[in-house]
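Structure below is query10.tsv: TSV, C-alpha atoms.
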```tsv
chain	number	residue	atom	x	y	z
A	123	MET	CA	124.09	-89.49	22.09
A	124	ASN	CA	121.97	-88.80	19.04
A	125	ASN	CA	120.64	-92.32	19.26
A	126	GLU	CA	119.61	-91.76	22.89
A	127	ARG	CA	117.84	-88.54	22.00
A	128	PHE	CA	116.07	-90.30	19.15
A	129	ALA	CA	114.91	-93.09	21.47
A	130	GLU	CA	113.71	-90.54	24.01
A	131	LEU	CA	111.75	-88.45	21.52
A	132	LEU	CA	110.30	-91.24	19.41
A	133	PRO	CA	107.26	-92.12	21.57
A	134	TRP	CA	106.16	-88.47	21.61
A	135	TYR	CA	106.83	-88.19	17.89
A	136	VAL	CA	104.54	-91.18	17.32
A	137	ASN	CA	101.73	-89.94	19.58
A	138	GLY	CA	101.84	-86.46	18.06
A	139	SER	CA	102.56	-84.49	21.23
A	140	ILE	CA	106.10	-83.47	20.29
A	141	ASP	CA	106.86	-79.80	19.59
A	142	ALA	CA	107.81	-78.57	16.12
A	143	ALA	CA	111.55	-78.24	16.75
A	144	ASP	CA	111.89	-81.78	18.14
A	145	ARG	CA	109.71	-83.12	15.33
A	146	ALA	CA	112.03	-81.56	12.78
A	147	TRP	CA	115.02	-83.08	14.58
A	148	VAL	CA	113.46	-86.57	14.51
A	149	ASP	CA	112.57	-86.17	10.81
A	150	SER	CA	116.12	-85.20	10.07
A	151	TYR	CA	117.49	-88.13	12.10
A	152	LEU	CA	115.21	-90.56	10.27
A	153	SER	CA	116.34	-89.30	6.88
A	154	GLU	CA	119.99	-89.77	7.90
A	155	HIS	CA	119.42	-93.17	9.52
A	156	PRO	CA	117.07	-95.27	7.39
A	157	ASP	CA	117.52	-98.23	9.78
A	158	ALA	CA	115.83	-96.21	12.52
A	159	ARG	CA	112.60	-96.30	10.53
A	160	ALA	CA	112.09	-99.90	11.71
A	161	GLU	CA	111.86	-98.70	15.30
A	162	LEU	CA	109.42	-96.00	14.24
A	163	ALA	CA	107.31	-98.60	12.46
A	164	TRP	CA	107.30	-100.77	15.57
A	165	TYR	CA	106.07	-97.91	17.75
A	166	GLN	CA	103.36	-97.06	15.23
A	167	SER	CA	102.26	-100.68	15.14
A	168	LEU	CA	102.29	-100.83	18.94
A	169	GLN	CA	100.11	-97.72	19.09
A	170	THR	CA	97.62	-99.28	16.68
A	171	ARG	CA	97.51	-102.51	18.64
A	172	ILE	CA	97.04	-100.71	21.95
A	173	HIS	CA	94.05	-98.91	20.46
A	174	GLU	CA	92.69	-102.27	19.34
A	175	THR	CA	92.92	-103.72	22.84
A	176	VAL	CA	90.26	-101.31	24.09
A	177	PRO	CA	86.76	-102.69	23.39
A	178	ALA	CA	84.34	-100.44	21.54
A	179	VAL	CA	81.73	-99.26	24.00
A	180	PRO	CA	78.90	-96.76	23.57
A	181	ALA	CA	79.35	-93.26	24.97
A	182	THR	CA	76.38	-93.98	27.22
A	183	ILE	CA	78.15	-96.77	29.10
A	184	GLY	CA	77.15	-96.46	32.77
A	185	LEU	CA	75.12	-93.31	32.06
A	186	SER	CA	71.80	-94.60	33.39
A	187	ARG	CA	73.50	-95.65	36.62
A	188	ALA	CA	75.11	-92.25	36.91
A	189	MET	CA	71.79	-90.49	36.29
A	190	ASN	CA	70.00	-92.64	38.86
A	191	ARG	CA	72.71	-91.79	41.29
A	192	ILE	CA	72.54	-88.04	40.80
A	193	ARG	CA	68.73	-88.07	40.85
A	194	GLY	CA	68.84	-89.84	44.16
A	195	ASP	CA	71.33	-87.34	45.40
A	196	ARG	CA	69.28	-84.22	45.88
A	197	PRO	CA	71.25	-81.72	47.94
A	198	SER	CA	70.18	-81.45	51.54
A	199	LEU	CA	67.98	-78.56	52.58
A	200	ALA	CA	70.95	-76.95	54.32
A	201	GLU	CA	73.04	-77.19	51.14
A	202	ARG	CA	70.26	-75.70	49.02
A	203	ILE	CA	69.71	-72.84	51.46
A	204	SER	CA	73.43	-72.20	51.67
A	205	ALA	CA	73.75	-72.20	47.87
A	206	PHE	CA	70.76	-69.87	47.49
A	207	PHE	CA	71.97	-67.28	49.97
A	208	GLY	CA	75.54	-67.70	48.82
A	209	ASN	CA	74.43	-66.19	45.54
A	210	PHE	CA	73.61	-62.99	47.41
A	211	GLY	CA	76.95	-62.91	49.16
A	212	MET	CA	75.45	-63.62	52.59
A	213	ARG	CA	77.31	-65.33	55.36
A	214	PRO	CA	75.87	-68.68	56.51
A	215	SER	CA	75.02	-67.35	60.00
A	216	MET	CA	73.07	-64.43	58.51
A	217	ALA	CA	71.35	-66.76	56.10
A	218	LEU	CA	70.37	-69.13	58.89
A	219	GLY	CA	68.96	-66.26	60.96
A	220	LEU	CA	66.94	-65.06	58.02
A	221	VAL	CA	65.70	-68.56	57.35
A	222	ALA	CA	64.61	-68.91	60.96
A	223	ILE	CA	62.60	-65.67	60.78
A	224	ILE	CA	61.01	-66.68	57.48
A	225	PHE	CA	60.27	-70.11	58.89
A	226	VAL	CA	58.49	-68.78	61.99
A	227	GLN	CA	56.53	-66.18	60.05
A	228	GLY	CA	55.71	-68.68	57.35
A	229	GLY	CA	54.49	-71.15	59.94
A	230	VAL	CA	52.08	-68.64	61.45
A	231	ILE	CA	50.75	-67.58	58.04
A	232	ALA	CA	50.47	-71.13	56.82
A	233	LYS	CA	48.54	-72.19	59.89
A	234	MET	CA	46.04	-69.41	59.36
A	235	MET	CA	45.61	-70.23	55.69
A	236	THR	CA	45.51	-73.98	55.77
A	237	GLN	CA	43.41	-74.80	58.74
A	238	ALA	CA	40.66	-75.89	56.39
A	239	HIS	CA	42.99	-78.12	54.39
A	240	GLU	CA	44.81	-80.07	57.04
A	241	ASP	CA	43.93	-83.32	55.38
A	242	GLU	CA	45.89	-82.53	52.23
A	243	VAL	CA	49.19	-83.71	53.60
A	244	GLU	CA	49.66	-86.64	51.31
A	245	MET	CA	48.52	-86.17	47.76
A	246	ARG	CA	48.54	-89.84	46.96
A	247	ALA	CA	45.90	-90.51	49.59
A	248	LEU	CA	43.49	-88.10	47.97
A	249	ARG	CA	41.09	-88.29	45.11
A	250	ALA	CA	42.21	-86.13	42.23
A	251	LYS	CA	40.15	-83.16	41.20
A	252	THR	CA	38.23	-83.31	37.93
A	253	VAL	CA	39.47	-81.34	34.94
A	254	GLU	CA	37.33	-81.81	31.85
A	255	GLU	CA	39.47	-80.55	28.95
A	256	GLY	CA	42.70	-81.86	27.43
A	257	PRO	CA	44.34	-85.20	26.58
A	258	LEU	CA	45.14	-87.74	29.27
A	259	VAL	CA	48.32	-89.53	30.25
A	260	LYS	CA	48.14	-92.60	32.47
A	261	VAL	CA	51.01	-92.64	34.94
A	262	ASN	CA	52.34	-95.14	37.47
A	263	PHE	CA	54.64	-93.65	40.04
A	264	ALA	CA	57.42	-95.55	41.79
A	265	PRO	CA	56.44	-96.75	45.29
A	266	ASP	CA	59.00	-94.46	46.91
A	267	ALA	CA	58.02	-91.37	44.90
A	268	ARG	CA	57.58	-88.40	47.16
A	269	GLU	CA	54.56	-86.15	46.98
A	270	SER	CA	56.76	-83.08	46.54
A	271	ASP	CA	58.56	-84.70	43.59
A	272	ILE	CA	55.26	-85.66	41.97
A	273	ARG	CA	54.02	-82.09	42.31
A	274	LEU	CA	57.17	-80.70	40.70
A	275	LEU	CA	56.94	-83.21	37.90
A	276	LEU	CA	53.33	-82.31	37.16
A	277	VAL	CA	54.25	-78.64	37.03
A	278	SER	CA	57.06	-79.38	34.59
A	279	VAL	CA	54.60	-80.94	32.10
A	280	GLN	CA	51.84	-78.44	32.90
A	281	GLY	CA	49.78	-81.40	33.98
A	282	THR	CA	46.86	-81.67	36.36
A	283	LEU	CA	46.03	-84.81	38.26
A	284	THR	CA	42.48	-85.68	37.26
A	285	GLY	CA	42.05	-89.35	38.06
A	286	GLY	CA	43.37	-92.10	40.28
A	287	PRO	CA	44.82	-93.79	42.01
A	288	GLY	CA	43.14	-96.86	40.61
A	289	GLN	CA	43.48	-100.33	42.12
A	290	LEU	CA	46.66	-100.83	40.12
A	291	GLY	CA	48.05	-97.46	41.13
A	292	ASP	CA	47.13	-95.70	37.88
A	293	TYR	CA	46.94	-91.93	37.92
A	294	TYR	CA	45.48	-89.84	35.10
A	295	VAL	CA	47.09	-86.54	34.26
A	296	ARG	CA	45.54	-83.96	31.94
A	297	VAL	CA	48.12	-82.15	29.85
A	298	PRO	CA	47.82	-79.31	27.32
A	299	ALA	CA	46.44	-80.37	23.92
A	300	GLY	CA	49.15	-81.03	21.36
A	301	LYS	CA	51.77	-81.65	24.05
A	302	GLU	CA	50.59	-85.05	25.20
A	303	ALA	CA	53.29	-87.09	23.46
A	304	GLN	CA	56.01	-84.78	24.73
A	305	ALA	CA	54.58	-84.89	28.25
A	306	ALA	CA	54.33	-88.69	28.21
A	307	ALA	CA	57.92	-88.98	27.04
A	308	LYS	CA	59.14	-86.58	29.70
A	309	LEU	CA	57.23	-88.37	32.43
A	310	LYS	CA	58.53	-91.72	31.25
A	311	GLY	CA	62.10	-90.48	31.51
A	312	LYS	CA	61.88	-89.66	35.20
A	313	SER	CA	63.13	-92.07	37.83
A	314	ILE	CA	60.02	-91.65	40.00
A	315	VAL	CA	57.80	-92.77	37.10
A	316	GLN	CA	57.49	-96.47	36.38
A	317	ALA	CA	55.24	-96.10	33.32
A	318	ALA	CA	53.51	-93.34	31.39
A	319	GLU	CA	51.30	-93.70	28.33
A	320	LEU	CA	48.56	-91.82	26.53
A	321	ALA	CA	45.10	-92.82	27.73
A	322	PRO	CA	41.81	-92.48	25.84
A	323	GLY	CA	39.89	-91.63	29.00
A	324	ILE	CA	39.48	-92.32	32.68
A	325	PRO	CA	37.94	-95.73	33.43
A	326	PRO	CA	34.57	-95.47	35.21
A	327	HIS	CA	35.88	-96.64	38.56
A	328	ASP	CA	38.95	-94.46	38.59
B	23	MET	CA	85.84	-81.18	23.47
B	24	GLU	CA	87.57	-77.86	24.13
B	25	ASN	CA	88.12	-76.63	27.68
B	26	GLU	CA	85.95	-73.59	26.95
B	27	ARG	CA	82.94	-75.79	26.18
B	28	VAL	CA	83.74	-77.96	29.18
B	29	SER	CA	83.78	-74.88	31.44
B	30	LYS	CA	80.34	-73.83	30.20
B	31	LEU	CA	78.97	-77.30	30.88
B	32	LEU	CA	80.54	-77.33	34.33
B	33	GLU	CA	78.90	-73.99	35.13
B	34	ARG	CA	75.55	-75.52	34.22
B	35	ILE	CA	76.33	-78.67	36.20
B	36	ALA	CA	77.02	-76.49	39.24
B	37	LYS	CA	73.36	-75.43	38.89
B	38	GLN	CA	72.31	-79.09	38.84
B	39	ASP	CA	71.69	-79.14	35.07
B	40	GLN	CA	71.35	-82.83	34.24
B	41	ALA	CA	71.39	-82.29	30.47
B	42	ALA	CA	74.79	-80.61	30.74
B	43	PHE	CA	76.03	-83.51	32.82
B	44	GLN	CA	74.85	-85.99	30.21
B	45	GLU	CA	76.62	-84.12	27.43
B	46	LEU	CA	79.85	-84.03	29.39
B	47	TYR	CA	79.48	-87.66	30.34
B	48	LYS	CA	79.04	-88.81	26.76
B	49	ALA	CA	82.01	-86.75	25.61
B	50	PHE	CA	84.46	-88.32	28.05
B	51	SER	CA	83.03	-91.69	29.10
B	52	ARG	CA	84.93	-93.77	26.53
B	53	LYS	CA	88.24	-92.17	27.41
B	54	VAL	CA	87.83	-92.71	31.13
B	55	PHE	CA	86.50	-96.24	30.62
B	56	ALA	CA	89.45	-97.18	28.40
B	57	TYR	CA	91.90	-95.85	30.95
B	58	VAL	CA	90.31	-97.64	33.90
B	59	LEU	CA	89.87	-100.86	31.97
B	60	ASN	CA	93.55	-100.80	31.12
B	61	GLN	CA	94.33	-100.49	34.81
B	62	LEU	CA	91.83	-102.96	36.24
B	63	LYS	CA	91.29	-105.37	33.34
B	64	ASP	CA	87.69	-105.84	34.49
B	65	GLN	CA	84.85	-104.29	32.49
B	66	ALA	CA	82.29	-104.28	35.30
B	67	LYS	CA	84.71	-102.63	37.72
B	68	ALA	CA	85.83	-100.20	35.03
B	69	GLU	CA	82.23	-99.12	34.48
B	70	GLU	CA	81.77	-98.73	38.22
B	71	VAL	CA	84.84	-96.51	38.50
B	72	LEU	CA	83.68	-94.49	35.47
B	73	VAL	CA	80.33	-93.80	37.17
B	74	ASP	CA	82.11	-92.90	40.43
B	75	THR	CA	84.42	-90.54	38.58
B	76	MET	CA	81.66	-88.74	36.73
B	77	TYR	CA	79.60	-88.54	39.91
B	78	GLU	CA	82.53	-86.75	41.50
B	79	VAL	CA	82.29	-84.19	38.70
B	80	TRP	CA	78.58	-83.78	39.37
B	81	ARG	CA	79.25	-83.19	43.06
B	82	ASN	CA	82.22	-80.87	42.64
B	83	PRO	CA	82.20	-79.28	39.18
B	84	THR	CA	84.03	-76.15	40.33
B	85	ARG	CA	87.14	-78.07	41.28
B	86	PHE	CA	88.32	-78.04	37.68
B	87	ARG	CA	90.20	-74.78	37.22
B	88	GLY	CA	91.36	-75.21	33.65
B	89	GLU	CA	95.01	-75.68	34.55
B	90	SER	CA	95.21	-78.79	32.37
B	91	ALA	CA	93.14	-80.45	29.69
B	92	PHE	CA	89.85	-81.57	31.22
B	93	SER	CA	90.49	-85.18	30.19
B	94	THR	CA	93.82	-85.13	32.04
B	95	TRP	CA	92.08	-83.83	35.17
B	96	LEU	CA	89.32	-86.40	34.82
B	97	ILE	CA	91.76	-89.27	34.40
B	98	GLY	CA	93.49	-88.04	37.54
B	99	ILE	CA	90.24	-88.57	39.45
B	100	ALA	CA	89.65	-91.94	37.79
B	101	ARG	CA	93.19	-92.94	38.66
B	102	ASN	CA	92.64	-92.40	42.39
B	103	LYS	CA	89.43	-94.39	42.33
B	104	ALA	CA	90.94	-97.18	40.23
B	105	LEU	CA	93.88	-97.40	42.62
B	106	LEU	CA	91.51	-97.98	45.52
B	107	VAL	CA	89.85	-100.82	43.63
B	108	TYR	CA	93.17	-102.17	42.42
B	109	ARG	CA	94.66	-102.22	45.89
B	110	SER	CA	91.65	-104.00	47.32
B	111	ARG	CA	92.21	-106.92	44.95
B	112	ARG	CA	94.06	-110.07	45.82
B	113	PRO	CA	97.67	-109.49	44.80
B	114	ASP	CA	98.85	-111.61	41.89
B	115	GLU	CA	102.18	-112.44	40.43
B	116	ASP	CA	101.31	-111.67	36.84
B	117	HIS	CA	104.25	-109.46	36.15
B	118	ALA	CA	106.95	-111.09	38.28
B	119	ASP	CA	108.59	-112.91	35.40
B	120	LEU	CA	108.76	-109.76	33.27
B	121	ASP	CA	111.52	-108.35	35.45
B	122	ASP	CA	113.61	-111.28	34.30
B	123	ILE	CA	112.54	-111.02	30.71
B	124	ALA	CA	113.57	-107.37	30.45
B	125	ASP	CA	117.24	-107.99	29.82
B	126	ILE	CA	117.16	-111.40	28.23
B	127	ILE	CA	117.08	-110.50	24.59
B	128	PRO	CA	119.51	-107.81	23.56
B	129	ASP	CA	118.71	-107.81	19.83
B	130	GLU	CA	117.42	-104.38	18.81
B	131	GLY	CA	118.54	-104.43	15.20
B	132	PRO	CA	116.24	-103.13	12.48
B	133	ASP	CA	115.28	-106.66	11.48
B	134	GLY	CA	114.02	-107.42	14.97
B	135	TYR	CA	111.87	-104.30	15.03
B	136	ALA	CA	110.56	-104.88	11.53
B	137	ARG	CA	109.58	-108.45	12.36
B	138	LEU	CA	107.80	-107.37	15.51
B	139	ALA	CA	106.02	-104.49	13.80
B	140	GLU	CA	104.81	-106.80	11.10
B	141	GLN	CA	103.82	-109.78	13.20
B	142	GLN	CA	102.67	-108.54	16.60
B	143	ARG	CA	98.94	-108.79	17.02
B	144	ARG	CA	96.36	-107.33	19.34
B	145	GLU	CA	96.18	-110.47	21.50
B	146	GLY	CA	99.94	-110.47	21.98
B	147	VAL	CA	100.06	-106.80	22.92
B	148	GLN	CA	97.14	-107.30	25.30
B	149	LEU	CA	98.84	-110.29	26.92
B	150	CYS	CA	102.14	-108.47	27.32
B	151	MET	CA	100.49	-105.24	28.54
B	152	GLY	CA	98.78	-107.34	31.20
B	153	LYS	CA	102.14	-108.57	32.41
B	154	LEU	CA	103.58	-105.11	32.94
B	155	THR	CA	103.58	-103.40	36.30
B	156	GLU	CA	100.75	-100.97	36.98
B	157	GLU	CA	102.94	-97.89	36.37
B	158	HIS	CA	104.43	-99.22	33.16
B	159	ARG	CA	101.07	-100.28	31.75
B	160	GLU	CA	99.56	-96.94	32.67
B	161	CYS	CA	102.46	-95.09	31.11
B	162	LEU	CA	102.12	-96.92	27.78
B	163	HIS	CA	98.36	-96.35	27.77
B	164	LEU	CA	98.62	-92.63	28.48
B	165	VAL	CA	101.23	-92.17	25.75
B	166	PHE	CA	99.91	-94.43	23.01
B	167	TYR	CA	96.17	-94.45	23.67
B	168	GLU	CA	95.52	-91.04	25.19
B	169	GLY	CA	98.25	-89.34	23.17
B	170	MET	CA	99.34	-87.31	26.19
B	171	SER	CA	102.47	-85.21	26.25
B	172	LEU	CA	105.37	-85.89	28.62
B	173	ALA	CA	104.16	-83.13	30.97
B	174	GLU	CA	100.61	-84.49	31.00
B	175	VAL	CA	101.72	-88.04	31.77
B	176	ALA	CA	103.89	-86.69	34.60
B	177	ALA	CA	100.88	-84.77	35.95
B	178	VAL	CA	98.63	-87.84	35.90
B	179	GLN	CA	101.26	-90.14	37.37
B	180	ARG	CA	102.28	-87.47	39.85
B	181	CYS	CA	105.97	-87.89	39.27
B	182	PRO	CA	108.82	-85.93	37.65
B	183	GLU	CA	109.11	-86.01	33.85
B	184	ASN	CA	112.39	-87.90	34.13
B	185	THR	CA	110.57	-90.66	35.99
B	186	VAL	CA	108.09	-90.89	33.13
B	187	LYS	CA	110.97	-91.19	30.68
B	188	THR	CA	112.50	-93.97	32.77
B	189	ARG	CA	109.18	-95.80	33.10
B	190	LEU	CA	108.56	-95.50	29.40
B	191	PHE	CA	112.02	-96.83	28.63
B	192	HIS	CA	111.55	-99.89	30.84
B	193	ALA	CA	107.95	-100.45	29.71
B	194	ARG	CA	109.12	-100.37	26.12
B	195	GLN	CA	111.93	-102.84	26.84
B	196	LYS	CA	109.66	-105.23	28.64
B	197	ILE	CA	106.82	-105.24	26.20
B	198	LYS	CA	109.18	-105.55	23.29
B	199	ASN	CA	110.95	-108.51	24.85
B	200	CYS	CA	107.67	-110.10	25.85
B	201	LEU	CA	106.40	-109.79	22.30
B	202	ARG	CA	109.62	-111.15	20.93
B	203	LEU	CA	109.40	-114.08	23.31
B	204	LEU	CA	105.88	-114.77	22.03
B	205	LEU	CA	107.18	-114.55	18.51
B	206	GLU	CA	109.87	-117.11	19.27
B	207	ARG	CA	107.23	-119.41	20.64
B	208	ALA	CA	105.05	-118.82	17.61
B	209	GLY	CA	102.72	-121.69	17.08
B	210	SER	CA	102.44	-122.41	20.77
B	211	ALA	CA	101.58	-118.90	21.98
B	212	PRO	CA	98.79	-116.52	20.95
B	213	GLY	CA	99.31	-113.02	19.70
B	214	VAL	CA	101.78	-113.38	16.88
B	215	GLU	CA	101.73	-114.76	13.39
B	216	SER	CA	104.60	-116.83	12.19
```
Show the structure stored in the file as structure tokens.
Amino acid sequence: MNNERFAELLPWYVNGSIDAADRAWVDSYLSEHPDARAELAWYQSLQTRIHETVPAVPATIGLSRAMNRIRGDRPSLAERISAFFGNFGMRPSMALGLVAIIFVQGGVIAKMMTQAHEDEVEMRALRAKTVEEGPLVKVNFAPDARESDIRLLLVSVQGTLTGGPGQLGDYYVRVPAGKEAQAAAKLKGKSIVQAAELAPGIPPHD
Amino acid sequence: MENERVSKLLERIAKQDQAAFQELYKAFSRKVFAYVLNQLKDQAKAEEVLVDTMYEVWRNPTRFRGESAFSTWLIGIARNKALLVYRSRRPDEDHADLDDIADIIPDEGPDGYARLAEQQRREGVQLCMGKLTEEHRECLHLVFYEGMSLAEVAAVQRCPENTVKTRLFHARQKIKNCLRLLLERAGSAPGVES
């Protein structure tokens, strides 16, 4: 009986998850039965070997794939609206009604305000405006980068598009002085950016 | 990582905080990878399941309610995903002969254990682990690699604690006998030193 209890408790004794009372019982059993120490040694050896069978991998294994996946998985508009209004304790139907009102009113206001700028639908088709001061970062965006994502990204680095696109798709972004390296690094880390590097100036034809 | 820290990260992840996700990912990736690799024995598939598992956390961070250790909960998710992959594979007969091996060698004297403890090697353990059934291999991994308690193993394997005890007993018998068999064939089989 004691032998059965010992056999049952031993794996948990070896892996350290046993409670104090059972641990004390196993210790006592081992002191009374020196032969049982061989079984303990075998389990300990087995535990070591099992650890050795797992290859050492970096903690970042698969991380870039996971990040690409979550970056490509922006919540739908409905999900974002639902989450936003959910924070105010509103029911979805109320939220949708409110959104509809805002949408209609917004549409009217926007039409009045933007009649003169109807051509500014796609930023990448436009020439950038000229900003004279500040260091430059040359950026190449991914072909499938969306205009809205580019805008958000520029805001996040306090950047202003001042040149491009060139024939090779180069854009030039002015960023605050002293923050150019940080901005370049941040831009480079985004999935919609293929390349970003500090630039001495805008080439004449860009 | 303590559950309290995990909860804070999950709160941030619920707000789409990618830095929090990366921290959580790096803290648990090795554990999940080791578990899945033990189940699937395929590094590429293990990495794929790891990414799937962590993506699930990104999508549904509020599902963890702190009723268990986070790693136990996470391995539960990984287990479901690994099972899908495992079941889609071509069935093999790797472990069929182990059912026969289980009762072949009755010697459990201290000398037998001492010899095994001294001479079994990583390759031998790996070979014999690979010949166990899915449940037995998983059980040994959760106990001796993850260091889980009886209750935690039962939670992951979704079975009563007595079932875990039975699985562990049989897994132990089979791997011990497999290793002993290798030892007897020393010189012609890898994994032991004569």
>> Measuring between only C-alpha atoms, which one of A:Gly281, A:Asp271, A:Tyr293, A:Lys312 shows the shortest distance to chain B?
In response: A:Lys312
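Here CA of Leu132 (chain A) is placed at a distance of 9.1 Å from CA of Arg145 (chain A).
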Once you count only C-alpha atoms, which residues of chain A turn out to be within 7 Å of chain B? Could you give them as an mmCIF file with C-alpha atoms, in the coordinates of the input?
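part.cif, freshly written:
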```
data_model
loop_
_atom_site.group_PDB
_atom_site.id
_atom_site.type_symbol
_atom_site.label_atom_id
_atom_site.label_comp_id
_atom_site.auth_asym_id
_atom_site.auth_seq_id
_atom_site.Cartn_x
_atom_site.Cartn_y
_atom_site.Cartn_z
ATOM 1 C CA TRP A 134 106.160 -88.470 21.610
ATOM 2 C CA ASN A 137 101.730 -89.940 19.580
ATOM 3 C CA GLY A 138 101.840 -86.460 18.060
ATOM 4 C CA SER A 139 102.560 -84.490 21.230
ATOM 5 C CA ASP A 157 117.520 -98.230 9.780
ATOM 6 C CA ALA A 158 115.830 -96.210 12.520
ATOM 7 C CA ALA A 160 112.090 -99.900 11.710
ATOM 8 C CA GLU A 161 111.860 -98.700 15.300
ATOM 9 C CA ALA A 163 107.310 -98.600 12.460
ATOM 10 C CA TRP A 164 107.300 -100.770 15.570
ATOM 11 C CA SER A 167 102.260 -100.680 15.140
ATOM 12 C CA GLN A 169 100.110 -97.720 19.090
ATOM 13 C CA ARG A 171 97.510 -102.510 18.640
ATOM 14 C CA ILE A 172 97.040 -100.710 21.950
ATOM 15 C CA HIS A 173 94.050 -98.910 20.460
ATOM 16 C CA GLU A 174 92.690 -102.270 19.340
ATOM 17 C CA THR A 175 92.920 -103.720 22.840
ATOM 18 C CA VAL A 176 90.260 -101.310 24.090
ATOM 19 C CA VAL A 179 81.730 -99.260 24.000
ATOM 20 C CA ALA A 181 79.350 -93.260 24.970
ATOM 21 C CA THR A 182 76.380 -93.980 27.220
ATOM 22 C CA GLY A 184 77.150 -96.460 32.770
ATOM 23 C CA ALA A 188 75.110 -92.250 36.910
#
```
>> Can you measure CA of Leu283 (chain A) to CA of Arg296 (chain A) for me? One decimal in Å is fine.
In response: 6.4 Å
> CA of Glu154 (chain A) and CA of Val186 (chain B), how far apart in Å?
Replying inline: 27.9 Å
